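Peer 1: Following this line is entry34.txt, made up of compact mmCIF, C-alpha atoms:
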# COMPACT_ATOMS: atom_id res chain seq x y z
CA MET A 1 87.86 10.95 7.10
CA ASP A 2 91.46 10.80 8.43
CA ASP A 3 93.52 13.61 9.98
CA THR A 4 95.13 14.53 6.68
CA ASP A 5 91.74 15.06 5.03
CA VAL A 6 90.68 17.42 7.82
CA ARG A 7 93.94 19.37 7.64
CA ASP A 8 93.72 19.80 3.87
CA LYS A 9 90.38 21.60 4.28
CA GLU A 10 91.89 24.24 6.60
CA ARG A 11 93.56 27.48 5.62
CA ARG A 12 97.07 27.03 6.91
CA PHE A 13 100.29 28.99 6.84
CA GLU A 14 102.69 27.77 4.14
CA PHE A 15 105.73 27.12 6.30
CA GLY A 16 107.61 25.50 3.44
CA ALA A 17 107.36 28.60 1.24
CA ASN A 18 108.94 30.66 4.03
CA TRP A 19 111.72 28.09 4.56
CA ARG A 20 112.40 27.91 0.83
CA ARG A 21 113.31 31.60 0.89
CA PHE A 22 115.44 31.02 4.00
CA LEU A 23 117.57 28.41 2.18
CA GLU A 24 119.35 31.19 0.31
CA MET A 25 120.83 32.28 3.67
CA VAL A 26 122.06 28.87 4.84
CA ASP A 27 125.86 28.89 4.93
CA SER A 28 128.61 27.24 6.94
CA ALA A 29 128.24 29.75 9.80
CA ARG A 30 124.51 29.04 10.23
CA ILE A 31 125.15 25.30 10.04
CA ARG A 32 127.82 25.54 12.77
CA THR A 33 125.41 27.53 14.95
CA ALA A 34 122.72 24.87 14.49
CA GLU A 35 125.24 22.18 15.40
CA GLU A 36 126.19 24.08 18.55
CA SER A 37 122.51 24.41 19.45
CA LEU A 38 122.16 20.63 19.32
CA ARG A 39 125.31 20.17 21.41
CA ASN A 40 123.94 22.56 24.02
CA MET A 41 120.75 20.52 24.31
CA LEU A 42 122.23 17.03 23.95
CA PRO A 43 125.61 15.50 24.72
CA GLU A 44 127.40 14.74 21.45
CA SER A 45 127.55 11.06 22.46
CA ALA A 46 123.74 11.06 22.16
CA LEU A 47 124.08 11.72 18.41
CA GLN A 48 127.15 9.86 17.14
CA GLY A 49 125.92 6.71 15.44
CA ARG A 50 122.42 7.11 16.90
CA SER A 51 119.07 7.27 15.11
CA PHE A 52 117.63 10.80 15.00
CA VAL A 53 114.09 11.63 13.85
CA ASP A 54 113.32 15.25 12.99
CA VAL A 55 109.53 15.61 13.30
CA GLY A 56 108.59 18.70 11.29
CA CYS A 57 112.00 19.29 9.75
CA GLY A 58 111.09 22.69 8.23
CA SER A 59 114.11 23.98 6.32
CA GLY A 60 116.08 20.83 7.13
CA LEU A 61 118.83 22.84 8.86
CA PHE A 62 118.73 20.85 12.09
CA SER A 63 118.51 17.54 10.27
CA LEU A 64 121.70 18.58 8.49
CA ALA A 65 123.30 19.61 11.79
CA ALA A 66 122.42 16.24 13.37
CA ARG A 67 123.84 14.39 10.37
CA ASN A 68 127.06 16.40 10.59
CA LEU A 69 127.32 15.37 14.24
CA GLY A 70 127.17 11.71 13.29
CA ALA A 71 123.50 10.79 13.67
CA LYS A 72 121.54 8.63 11.24
CA VAL A 73 118.73 11.00 10.35
CA HIS A 74 115.14 10.61 9.24
CA SER A 75 113.37 13.89 8.40
CA LEU A 76 109.64 14.28 7.99
CA ASP A 77 107.28 17.17 7.45
CA TYR A 78 103.63 17.58 6.52
CA ASP A 79 104.39 20.53 4.20
CA PRO A 80 105.65 19.28 0.80
CA GLN A 81 107.72 22.44 0.29
CA SER A 82 109.49 21.83 3.61
CA VAL A 83 110.25 18.28 2.48
CA GLU A 84 111.75 19.71 -0.70
CA CYS A 85 113.82 22.21 1.33
CA ALA A 86 115.38 19.38 3.31
CA ARG A 87 116.14 17.51 0.09
CA VAL A 88 117.81 20.61 -1.36
CA LEU A 89 120.05 20.90 1.72
CA ARG A 90 120.89 17.20 1.58
CA GLU A 91 121.84 17.49 -2.08
CA ARG A 92 123.88 20.64 -1.43
CA PHE A 93 125.82 19.39 1.60
CA CYS A 94 125.43 15.57 1.78
CA SER A 95 124.86 14.42 -1.77
CA GLY A 96 124.26 10.68 -2.00
CA ASP A 97 124.16 10.22 1.79
CA ALA A 98 122.35 6.97 2.58
CA ASP A 99 122.10 7.82 6.29
CA TRP A 100 119.75 10.77 5.80
CA SER A 101 116.23 9.87 4.65
CA ILE A 102 113.51 12.44 4.00
CA GLU A 103 109.79 12.00 3.38
CA ARG A 104 106.44 13.65 3.75
CA GLY A 105 104.53 12.57 6.83
CA SER A 106 102.06 13.88 9.38
CA ALA A 107 102.63 13.88 13.14
CA LEU A 108 98.88 13.25 13.43
CA ASP A 109 98.90 10.16 11.22
CA GLU A 110 98.92 7.40 13.83
CA SER A 111 99.64 4.50 11.47
CA TYR A 112 102.47 6.41 9.78
CA MET A 113 104.10 7.48 13.06
CA ARG A 114 103.99 3.97 14.48
CA ARG A 115 105.52 2.53 11.30
CA LEU A 116 108.61 4.65 12.03
CA GLY A 117 109.44 2.51 15.06
CA GLN A 118 111.43 3.84 18.00
CA HIS A 119 114.62 5.89 17.94
CA ASP A 120 117.45 7.16 20.12
CA VAL A 121 116.69 10.86 19.64
CA VAL A 122 113.41 12.46 18.57
CA TYR A 123 113.58 16.17 17.82
CA SER A 124 110.65 18.51 17.18
CA TRP A 125 111.38 22.19 17.61
CA GLY A 126 108.50 24.66 17.27
CA VAL A 127 106.33 22.32 15.22
CA LEU A 128 103.66 20.39 17.06
CA HIS A 129 101.73 23.49 18.18
CA HIS A 130 101.01 24.08 14.47
CA THR A 131 99.43 20.69 13.72
CA GLY A 132 95.88 21.57 14.77
CA ASP A 133 95.88 18.88 17.50
CA MET A 134 98.96 19.58 19.62
CA TRP A 135 98.40 17.11 22.45
CA ARG A 136 97.76 14.20 20.09
CA ALA A 137 100.85 15.15 18.08
CA LEU A 138 102.91 15.29 21.29
CA GLU A 139 101.66 11.84 22.30
CA LEU A 140 102.47 10.21 18.96
CA THR A 141 105.86 11.93 18.80
CA GLY A 142 106.71 10.72 22.30
CA GLU A 143 105.94 7.16 21.25
CA LEU A 144 108.83 7.36 18.75
CA VAL A 145 111.37 7.52 21.60
CA SER A 146 113.04 4.26 22.55
CA PRO A 147 113.56 3.36 26.24
CA GLY A 148 116.50 5.43 27.46
CA GLY A 149 116.18 7.67 24.41
CA ALA A 150 115.87 11.45 24.32
CA LEU A 151 113.03 13.72 23.27
CA VAL A 152 113.75 17.36 22.43
CA VAL A 153 110.60 19.41 21.98
CA SER A 154 109.72 23.09 22.05
CA ILE A 155 106.22 24.50 22.39
CA TYR A 156 104.89 28.06 22.35
CA ASN A 157 104.47 29.55 25.79
CA ASP A 158 100.92 30.15 27.05
CA GLN A 159 100.48 33.87 27.71
CA GLY A 160 96.76 33.73 28.36
CA LEU A 161 94.81 36.53 26.70
CA ARG A 162 97.85 37.69 24.75
CA SER A 163 98.14 34.25 23.14
CA GLU A 164 94.44 34.35 22.29
CA ARG A 165 94.91 37.71 20.55
CA TRP A 166 97.81 36.35 18.52
CA LYS A 167 95.72 33.31 17.58
CA ARG A 168 93.04 35.59 16.14
CA ILE A 169 95.68 37.55 14.21
CA LYS A 170 97.17 34.35 12.81
CA ARG A 171 93.77 33.02 11.75
CA TYR A 172 93.01 36.36 10.08
CA TYR A 173 96.38 36.23 8.30
CA ALA A 174 95.74 32.68 7.07
CA ASN A 175 92.42 33.71 5.52
CA SER A 176 93.65 36.99 3.97
CA PRO A 177 94.79 37.75 0.42
CA GLN A 178 98.52 38.17 -0.12
CA TRP A 179 98.53 41.98 -0.02
CA ARG A 180 96.85 41.96 3.39
CA GLN A 181 99.23 39.30 4.68
CA ARG A 182 102.17 41.58 3.77
CA LEU A 183 100.51 44.46 5.61
CA ILE A 184 99.96 42.31 8.72
CA VAL A 185 103.62 41.25 8.72
CA TRP A 186 104.82 44.86 8.49
CA LEU A 187 102.50 45.96 11.29
CA ALA A 188 103.81 43.09 13.41
CA PHE A 189 107.36 44.12 12.54
CA LEU A 190 106.68 47.61 13.90
CA ARG A 191 105.05 46.17 17.03
CA ILE A 192 107.67 43.51 17.79
CA TRP A 193 110.86 45.05 16.45
CA GLY A 194 110.10 48.78 16.52
CA PRO A 195 111.06 49.42 20.17
CA GLN A 196 114.35 47.48 19.92
CA LEU A 197 115.40 49.12 16.65
CA THR A 198 114.58 52.55 18.06
CA ARG A 199 116.82 51.85 21.07
CA ASP A 200 119.60 50.65 18.79
CA PHE A 201 119.47 53.80 16.64
CA LEU A 202 119.44 56.08 19.69
CA ARG A 203 122.53 54.29 20.99
CA GLY A 204 124.30 54.53 17.63
CA ARG A 205 124.13 50.79 17.03
CA GLY A 206 122.16 50.94 13.77
CA LEU A 207 120.64 47.57 12.83
CA SER A 208 123.03 45.53 14.97
CA THR A 209 120.37 43.55 16.87
CA TRP A 210 118.49 42.74 13.67
CA ARG A 211 121.65 41.70 11.81
CA ASN A 212 122.94 39.59 14.69
CA TYR A 213 119.60 37.90 15.32
CA GLY A 214 120.75 34.37 14.41
CA GLY A 215 121.36 33.74 18.10
CA ASP A 216 121.85 30.17 19.22
CA ARG A 217 119.93 28.51 16.36
CA GLY A 218 121.30 30.15 13.21
CA MET A 219 117.91 31.44 12.11
CA SER A 220 116.87 34.66 10.33
CA ALA A 221 115.05 37.59 11.95
CA TRP A 222 112.78 38.21 8.97
CA HIS A 223 111.88 34.58 8.30
CA ASP A 224 111.22 33.96 11.99
CA LEU A 225 108.97 37.03 12.07
CA VAL A 226 106.94 35.78 9.10
CA ASP A 227 106.78 32.32 10.68
CA TRP A 228 105.53 33.83 13.94
CA VAL A 229 102.89 36.09 12.40
CA GLY A 230 101.55 33.54 9.92
CA GLY A 231 101.95 30.35 11.95
CA TYR A 232 98.44 28.93 12.03
CA PRO A 233 97.08 26.58 13.43
CA PHE A 234 98.42 27.84 16.73
CA GLU A 235 98.30 26.27 20.19
CA VAL A 236 100.19 27.01 23.40
CA ALA A 237 100.99 25.37 26.74
CA LYS A 238 102.41 26.27 30.11
CA PRO A 239 105.76 24.60 30.95
CA GLU A 240 104.19 22.63 33.79
CA GLU A 241 101.53 21.23 31.44
CA ILE A 242 104.19 19.79 29.12
CA PHE A 243 106.13 18.47 32.11
CA GLU A 244 103.10 16.68 33.58
CA PHE A 245 102.01 15.34 30.19
CA PHE A 246 105.30 13.54 29.60
CA LYS A 247 105.80 12.55 33.23
CA MET A 248 102.55 10.58 33.00
CA ARG A 249 103.99 8.80 29.94
CA GLY A 250 107.22 7.65 31.53
CA PHE A 251 109.53 10.54 30.68
CA LYS A 252 111.94 12.33 33.00
CA LEU A 253 112.75 16.01 32.45
CA GLN A 254 116.49 16.54 31.98
CA LYS A 255 116.64 20.14 30.82
CA LEU A 256 114.25 23.08 30.54
CA LYS A 257 114.81 26.46 28.92
CA THR A 258 111.88 28.88 29.16
CA CYS A 259 111.26 32.07 27.24
CA GLY A 260 110.82 33.99 30.49
CA GLY A 261 107.05 34.19 30.24
CA GLY A 262 107.10 36.13 26.96
CA ILE A 263 106.55 35.42 23.28
CA GLY A 264 108.44 32.36 22.17
CA CYS A 265 108.97 28.69 22.88
CA ASN A 266 109.79 26.78 26.01
CA GLU A 267 112.37 24.08 25.24
CA PHE A 268 112.41 20.66 26.91
CA LEU A 269 114.76 17.70 26.98
CA PHE A 270 113.13 14.52 28.25
CA VAL A 271 114.55 11.02 28.65
CA ARG A 272 112.25 8.01 28.39
CA THR A 273 112.74 5.91 31.50
What is this structure when it is put down as structure tokens?

Peer 2:
Amino acid sequence: MDDTDVRDKERRFEFGANWRRFLEMVDSARIRTAEESLRNMLPESALQGRSFVDVGCGSGLFSLAARNLGAKVHSLDYDPQSVECARVLRERFCSGDADWSIERGSALDESYMRRLGQHDVVYSWGVLHHTGDMWRALELTGELVSPGGALVVSIYNDQGLRSERWKRIKRYYANSPQWRQRLIVWLAFLRIWGPQLTRDFLRGRGLSTWRNYGGDRGMSAWHDLVDWVGGYPFEVAKPEEIFEFFKMRGFKLQKLKTCGGGIGCNEFLFVRT
């Protein structure tokens, strides 16, 4: 039995269904924000005319941003609805573009990943901790990077017992009927967003923080909340664990952005030496 067979037997969060709803919000402003996010992580010269692989492309927003910045893009995702989301964005903004390919593929499928060859930039933001075998997925994704190439990866921060509690919540969500899933999301909304929204109202700012959530990635507060609550499988790592893992495989850390020890992802830029 291969990795895909095992994964199909698990109850998993439908990331693609969440991203399909997010597509309605993708506009020029969100695309520009995604482009700026890539520029902040990578010099633009690292993208122009270079090969860019988006491992776990999700909505396809960052594949689109990389293409707009001149990269030749290959997008892959295990979730068929995510693959379709990326195709919708390509049709909407880059119809007929031969330099943006999209297909379904698993980061745990060794033969598939190795058939992709090596590339100048490999990008996987907030994905590999949802595969069910994070360290194997990280290893196979790292092998896609050509010598001198860049790897951009983000992984959920390890908060110890707090992360374990969230893992139980996510597993419970994944195995719940739809009505209970909605209830879990609303309870999480009150827990995560309640304090901030209360402060905003007391200061006369209304829903300003919620409305301006897009931040430096052009995402959506609600869709990110659903992604966070439902995202199962779920694994975490300390920043130093990711650093040591890639150091042992010939990578040099160029940039690190942590989430300050809280909920969220630590972001890494490695170069393969």

Peer 1: Counting only C-alpha atoms, figure out which residue out of A:Gly142, A:Gly58, A:Gly194, A:Gly261 gets nearest to Ala17 (chain A).

Peer 2: A:Gly58

Peer 1: Measuring between all atoms listed in the file, which one of A:Glu14, A:Glu235, A:Glu35, A:Asp27 shows the shortest distance to Trp135 (chain A)?

Peer 2: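 The closest residue to Trp135 (chain A) is A:Glu235.
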
Peer 1: Determine the nearest neighbour of Cys259 (chain A) from the options A:Phe15, A:Tyr156, A:Tyr78, A:Tyr173, counting all atoms listed in the file.

Peer 2: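 With all atoms listed in the file as the atom set, the closest residue is A:Tyr156.
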
Peer 1: Calculate how many Å separate CA of Asn266 (chain A) from CA of Ala107 (chain A), rounding to one decimal.

Peer 2: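 Taking CA of Asn266 (chain A) as the start and CA of Ala107 (chain A) as the end point, the length is 19.6 Å.
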
Peer 1: Suppose you want the space between CA of Arg162 (chain A) and CA of Ile263 (chain A); what is it in Å?

Peer 2: 9.1 Å

Peer 1: Neighbouring residues of Phe246 (chain A) were defined as those with any atom within 9 Å, considering all atoms listed in the file; residues of the same chain fewer than 4 positions away were excluded. Please report them as a list in words.

Peer 2: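 In the requested format, the answer is Leu138, Glu139, Gly142, Glu241, Ile242, Gly250, Phe251, Lys252, Leu253, Phe270 and Arg272 of chain A.
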
Peer 1: Find the spatial neighbours of Arg136 (chain A), counting only C-alpha atoms, within a cut-off of 12 Å - ignore same-chain residues fewer than 2 positions away - and output them as a list in words.

Peer 2: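 Listing them by chain and then by number gives Asp3, Ser106, Ala107, Leu108, Asp109, Glu110, Met113, Leu128, His129, His130, Thr131, Gly132, Asp133, Met134, Leu138, Glu139, Leu140, Thr141, Gly142, Glu143 and Phe245 of chain A.
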
Peer 1: Which residues, written as a list in words, have at least one atom at most 8 Å from Leu61 (chain A), with all atoms listed in the file counted and residues fewer than 5 positions away on the same chain left out?

Peer 2: Val26, Ile31, Ala34, Ala86 and Leu89 of chain A

Peer 1: Taking all atoms of region 133-148 of chain A that the file lists and extending 4 Å past them on each side, where is the centre of the axis-aligned box and how long are its edges? Answer in Å to one decimal, as lines of an AutoDock Vina configuration file.

Peer 2:
center_x = 106.2
center_y = 11.5
center_z = 22.5
size_x = 28.6
size_y = 24.2
size_z = 18.0

Peer 1: Any idea what the distance is between CA of Val226 (chain A) and CA of Val122 (chain A)?

Peer 2: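 Computing it gives 26.0 Å between the two atoms.
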
Peer 1: Which neighbours of Val153 (chain A) fall inside 8 Å, counting only C-alpha atoms, when residues of the same chain fewer than 3 positions from it are skipped, and could you give them as a list in words?

Peer 2: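 Using only C-alpha atoms, the neighbours found are Tyr123, Ser124, Trp125, Gly126, Glu267, Phe268 and Leu269 of chain A.
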
Peer 1: May I have the protein, DNA and RNA residues with an atom at most 12 Å from (128.2, 19.4, 0.7), counting only C-alpha atoms in the file's coordinates, returned as a list of chain:residue names?

Peer 2: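 So the residues meeting the distance criterion are A:Asp27, A:Ser28, A:Ile31, A:Leu64, A:Arg67, A:Asn68, A:Val88, A:Leu89, A:Arg90, A:Glu91, A:Arg92, A:Phe93, A:Cys94, A:Ser95, A:Gly96, A:Asp97.
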
Peer 1: Hey, could you patch up region 31-44 of chain A with N, CA, C and O atoms and hand it over as a PDB file, in the frame of the given file?

Peer 2:
ATOM      1  N   ILE A  31     125.126  26.739   9.765  1.00  0.00           N
ATOM      2  CA  ILE A  31     125.150  25.300  10.040  1.00  0.00           C
ATOM      3  C   ILE A  31     125.913  25.037  11.338  1.00  0.00           C
ATOM      4  O   ILE A  31     125.472  24.253  12.185  1.00  0.00           O
ATOM      5  N   ARG A  32     127.051  25.716  11.528  1.00  0.00           N
ATOM      6  CA  ARG A  32     127.820  25.540  12.770  1.00  0.00           C
ATOM      7  C   ARG A  32     127.008  25.978  13.988  1.00  0.00           C
ATOM      8  O   ARG A  32     127.056  25.338  15.046  1.00  0.00           O
ATOM      9  N   THR A  33     126.243  27.066  13.839  1.00  0.00           N
ATOM     10  CA  THR A  33     125.410  27.530  14.950  1.00  0.00           C
ATOM     11  C   THR A  33     124.336  26.508  15.280  1.00  0.00           C
ATOM     12  O   THR A  33     124.048  26.252  16.456  1.00  0.00           O
ATOM     13  N   ALA A  34     123.727  25.904  14.258  1.00  0.00           N
ATOM     14  CA  ALA A  34     122.720  24.870  14.490  1.00  0.00           C
ATOM     15  C   ALA A  34     123.346  23.655  15.175  1.00  0.00           C
ATOM     16  O   ALA A  34     122.751  23.054  16.083  1.00  0.00           O
ATOM     17  N   GLU A  35     124.546  23.291  14.766  1.00  0.00           N
ATOM     18  CA  GLU A  35     125.240  22.180  15.400  1.00  0.00           C
ATOM     19  C   GLU A  35     125.494  22.476  16.884  1.00  0.00           C
ATOM     20  O   GLU A  35     125.297  21.611  17.752  1.00  0.00           O
ATOM     21  N   GLU A  36     125.923  23.704  17.171  1.00  0.00           N
ATOM     22  CA  GLU A  36     126.190  24.080  18.550  1.00  0.00           C
ATOM     23  C   GLU A  36     124.913  24.066  19.380  1.00  0.00           C
ATOM     24  O   GLU A  36     124.924  23.707  20.564  1.00  0.00           O
ATOM     25  N   SER A  37     123.798  24.457  18.757  1.00  0.00           N
ATOM     26  CA  SER A  37     122.510  24.410  19.450  1.00  0.00           C
ATOM     27  C   SER A  37     122.171  22.989  19.864  1.00  0.00           C
ATOM     28  O   SER A  37     121.701  22.746  20.986  1.00  0.00           O
ATOM     29  N   LEU A  38     122.415  22.025  18.968  1.00  0.00           N
ATOM     30  CA  LEU A  38     122.160  20.630  19.320  1.00  0.00           C
ATOM     31  C   LEU A  38     123.093  20.159  20.428  1.00  0.00           C
ATOM     32  O   LEU A  38     122.671  19.446  21.347  1.00  0.00           O
ATOM     33  N   ARG A  39     124.354  20.552  20.361  1.00  0.00           N
ATOM     34  CA  ARG A  39     125.310  20.170  21.410  1.00  0.00           C
ATOM     35  C   ARG A  39     124.908  20.734  22.770  1.00  0.00           C
ATOM     36  O   ARG A  39     125.112  20.096  23.806  1.00  0.00           O
ATOM     37  N   ASN A  40     124.349  21.944  22.760  1.00  0.00           N
ATOM     38  CA  ASN A  40     123.940  22.560  24.020  1.00  0.00           C
ATOM     39  C   ASN A  40     122.748  21.845  24.640  1.00  0.00           C
ATOM     40  O   ASN A  40     122.559  21.884  25.866  1.00  0.00           O
ATOM     41  N   MET A  41     121.937  21.211  23.801  1.00  0.00           N
ATOM     42  CA  MET A  41     120.750  20.520  24.310  1.00  0.00           C
ATOM     43  C   MET A  41     121.028  19.059  24.619  1.00  0.00           C
ATOM     44  O   MET A  41     120.459  18.475  25.535  1.00  0.00           O
ATOM     45  N   LEU A  42     121.939  18.450  23.836  1.00  0.00           N
ATOM     46  CA  LEU A  42     122.230  17.030  23.950  1.00  0.00           C
ATOM     47  C   LEU A  42     123.731  16.803  24.021  1.00  0.00           C
ATOM     48  O   LEU A  42     124.485  17.489  23.321  1.00  0.00           O
ATOM     49  N   PRO A  43     124.199  15.853  24.801  1.00  0.00           N
ATOM     50  CA  PRO A  43     125.610  15.500  24.720  1.00  0.00           C
ATOM     51  C   PRO A  43     125.911  14.907  23.343  1.00  0.00           C
ATOM     52  O   PRO A  43     125.062  14.225  22.761  1.00  0.00           O
ATOM     53  N   GLU A  44     127.093  15.207  22.812  1.00  0.00           N
ATOM     54  CA  GLU A  44     127.400  14.740  21.450  1.00  0.00           C
ATOM     55  C   GLU A  44     127.347  13.224  21.355  1.00  0.00           C
ATOM     56  O   GLU A  44     127.043  12.668  20.304  1.00  0.00           O
TER      57      GLU A  44
END
